[in-house]
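S.K.: Sharing a structure with you now.
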Amino acid sequence: MSTANNSANLKGLQSAMNRFRVMAIWCGVMSLLLWFVNVPTHYLIFKGSHHYFTWIALVHGFTYPIYVLAAFHYCLKARKSFNSTIMFILAGTLPVASFIAERRALAEFRALTK
Amino acid sequence: MRIRRISRSTISKAVVALLIALVFVELGIWQLHRAQDVNKAGKITVSKDVAKLEDISSAGANLPPSAANRMVEMSGRYVKAFSAPNQLVVRGNGTTPATLEVRLLKISGDRGILVVRGIENTKFQTLTEDVKVVGRIYPRQTSDKSQPSGNSLTRLDPGLVTGVTKLSLYDGYVIAQLESTTYGLGIRANRIPAPIQISKVAGYYWQHITYVFIWWLLALLVLSAPFYNRLRDKMGA
């Protein structure tokens, strides 16, 4: 019974982690585009006169809440501390941080299933 | 019956969580208002009728939002002339900087309003008779377009000429489209277009709505903080 429970819990954790990993990679890419394409072109090149890359901010804005929910769910499943959960959520706002969070989640899961 | 005592640290944590959540809710409301502003700014409808200036605005008072962008007419005499350098003038699809000729029109009852006659000519046009002006009225400019010098206006703002006249001034300024003498003779000038000015509220409607959702989601997460450990123990793998 206990083994069956463990297996179900692990499966749940893996699903949550996979969802988190997808959203972390997506948010990382969108953050890179936001910080290094949208913001510099808007303020330094077009200076507000054109909005060719505004879609980046829009898409990032719409998908970040999904990342937040995925990160929160993963952290609950992985039994992370509240501070750690906050860090995982904030990782979605910085260009490279979400990639690091994704790698860490994967490493922790592999260590758990070894 | 046992009564469970709530520790001070629990209460302080709950208060802090509540305060942070309130800040996030407020930020969401702020973004919601921004979204509403963007929505309103894109739906400007301006009456095409020419109104009398005194019917839609009053001297010495702020320009009512409903009066901005209206076509207005007024009669009076020019009493002062200024130039306004580096003003952006609509040309085709873009804008070009130009020095504008601005005059102070004295209207009956010791009132006055700034009138942009057009692009400044090298030859000064003397206008001593009464004139009738038809043009579009705009809110005063709030940012300087040039450095202060001599008789020039750094921006189109009646506040800048209060020191040189005793007239009670109307807020905003008018870009003249037609000028005529009291006999009905048209007065020529290097006119500039007077398009309807859409107030620039930064951002897009859906972008602000997204931020509303994010702030409120964060507020919800903060509110869940006091129950986080219980939730984790229940859901944890």
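Chain identifiers are assigned as A, B, and so on, following the order in which chains appear in the structure tokens; residues are numbered from 1 within each chain, and ligands are numbered from 1 in order of appearance.
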Each residue of chain B with at least one atom at most 8 Å from chain A should appear once, together with its nearest atom pair and the corresponding distance in Å (one decimal); atoms considered: only C-alpha atoms; ordering: chain, then increasing residue number; output as JSON lines.
M.R.:
```
{"residue": "B:Trp206", "atom": "CA", "partner": "A:Leu58", "partner_atom": "CA", "distance": 7.4}
{"residue": "B:Gln207", "atom": "CA", "partner": "A:Leu58", "partner_atom": "CA", "distance": 5.5}
{"residue": "B:Thr210", "atom": "CA", "partner": "A:Gly61", "partner_atom": "CA", "distance": 5.7}
{"residue": "B:Tyr211", "atom": "CA", "partner": "A:Gly61", "partner_atom": "CA", "distance": 6.9}
{"residue": "B:Phe213", "atom": "CA", "partner": "A:Pro65", "partner_atom": "CA", "distance": 7.6}
{"residue": "B:Ile214", "atom": "CA", "partner": "A:Pro65", "partner_atom": "CA", "distance": 5.9}
{"residue": "B:Leu217", "atom": "CA", "partner": "A:Pro65", "partner_atom": "CA", "distance": 7.4}
{"residue": "B:Ala225", "atom": "CA", "partner": "A:Phe82", "partner_atom": "CA", "distance": 7.4}
{"residue": "B:Tyr228", "atom": "CA", "partner": "A:Phe82", "partner_atom": "CA", "distance": 6.9}
{"residue": "B:Asn229", "atom": "CA", "partner": "A:Phe82", "partner_atom": "CA", "distance": 7.8}
{"residue": "B:Leu231", "atom": "CA", "partner": "A:Leu76", "partner_atom": "CA", "distance": 7.3}
{"residue": "B:Arg232", "atom": "CA", "partner": "A:Leu76", "partner_atom": "CA", "distance": 4.8}
{"residue": "B:Asp233", "atom": "CA", "partner": "A:Arg79", "partner_atom": "CA", "distance": 7.3}
{"residue": "B:Met235", "atom": "CA", "partner": "A:Lys77", "partner_atom": "CA", "distance": 5.8}
{"residue": "B:Gly236", "atom": "CA", "partner": "A:Lys77", "partner_atom": "CA", "distance": 4.1}
{"residue": "B:Ala237", "atom": "CA", "partner": "A:Asn9", "partner_atom": "CA", "distance": 4.6}
```
S.K.: Counting only C-alpha atoms, what is within 12 Å of Leu63 in chain B, bar same-chain residues fewer than 5 positions away, as a PyMOL selection string?
M.R.: chain B and resi 53-58+68-70+113+137-140+157-158+169-174
S.K.: Which polymer residues have any atom within 12 Å of an atom of Trp30 in chain B, counting only C-alpha atoms, with same-chain residues fewer than 3 positions away left out, as a ChimeraX atom specification?
M.R.: /B:23-27,33-37,208-209,211-213,215-216
S.K.: Record the distance separating CA of Glu108 in chain A and CA of Leu221 in chain B, expressed in Å with one decimal.
M.R.: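 Distance reported for this atom pair: 23.9 Å.
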S.K.: Nearest to Ser224 in chain B: which of B:Leu32, B:Lys13, B:Lys106, B:Val50 is it, counting only C-alpha atoms?
M.R.: B:Lys13
S.K.: Which residues, written as a list in words, have at least one atom at most 6 Å from Val72 in chain B, with only C-alpha atoms counted and residues fewer than 5 positions away on the same chain left out?
M.R.: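 Neighbouring residues, sequence-local ones excluded: Val50, Ala51, Lys52, Leu53, Val134, Gly135 and Arg136 of chain B.
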S.K.: Include N, CA and C atoms and write out the residues we just selected as an mmCIF file, in the first residue's frame.
M.R.:
```cif
data_model
loop_
_atom_site.group_PDB
_atom_site.id
_atom_site.type_symbol
_atom_site.label_atom_id
_atom_site.label_comp_id
_atom_site.auth_asym_id
_atom_site.auth_seq_id
_atom_site.Cartn_x
_atom_site.Cartn_y
_atom_site.Cartn_z
ATOM 1 N N VAL B 50 -18.421 74.105 -34.573
ATOM 2 C CA VAL B 50 -17.548 75.153 -34.037
ATOM 3 C C VAL B 50 -18.274 75.824 -32.875
ATOM 4 N N ALA B 51 -17.634 75.813 -31.718
ATOM 5 C CA ALA B 51 -18.274 76.390 -30.522
ATOM 6 C C ALA B 51 -17.657 77.740 -30.205
ATOM 7 N N LYS B 52 -18.393 78.553 -29.502
ATOM 8 C CA LYS B 52 -17.826 79.821 -29.017
ATOM 9 C C LYS B 52 -16.928 79.487 -27.826
ATOM 10 N N LEU B 53 -15.746 80.106 -27.799
ATOM 11 C CA LEU B 53 -14.770 79.776 -26.755
ATOM 12 C C LEU B 53 -15.364 79.900 -25.354
ATOM 13 N N VAL B 134 -10.779 81.140 -35.995
ATOM 14 C CA VAL B 134 -11.403 79.817 -35.854
ATOM 15 C C VAL B 134 -10.267 78.799 -35.812
ATOM 16 N N GLY B 135 -10.274 77.942 -34.820
ATOM 17 C CA GLY B 135 -9.195 76.947 -34.705
ATOM 18 C C GLY B 135 -9.537 75.878 -33.699
ATOM 19 N N ARG B 136 -8.582 74.994 -33.495
ATOM 20 C CA ARG B 136 -8.822 73.891 -32.549
ATOM 21 C C ARG B 136 -8.093 74.185 -31.229
#
```
S.K.: What does the structure give for the distance between CA of Glu120 in chain B and CA of Leu104 in chain B, in Å to one decimal?
M.R.: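 Separating CA of Glu120 in chain B from CA of Leu104 in chain B is a distance of 14.6 Å.
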S.K.: As a list in words, please: every residue in range 22-104 of chain B that a backbone DSSP assignment puts in helix (DSSP H, G or I).
M.R.: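 So, restricting range 22-104 of chain B to helix (DSSP H, G or I), we get Leu22, Val23, Phe24, Val25, Glu26, Leu27, Gly28, Ile29, Trp30, Gln31, Leu32, His33, Arg34, Ala35, Gln36, Asp37, Val38, Asn39, Lys40, Ala41, Leu53, Glu54, Asp55 and Ile56 of chain B.
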S.K.: With only C-alpha atoms as the atoms that count, which of B:Leu105, B:Tyr205, B:Gly184, B:Met71 lies nearest to Lys48 in chain B?
M.R.: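 For Lys48 in chain B, the nearest of the candidates is B:Met71.
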S.K.: What gap, in Å, lies between CA of Gln141 in chain B and CA of Gly159 in chain B?
M.R.: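 Here the two named atoms are 10.0 Å from each other.
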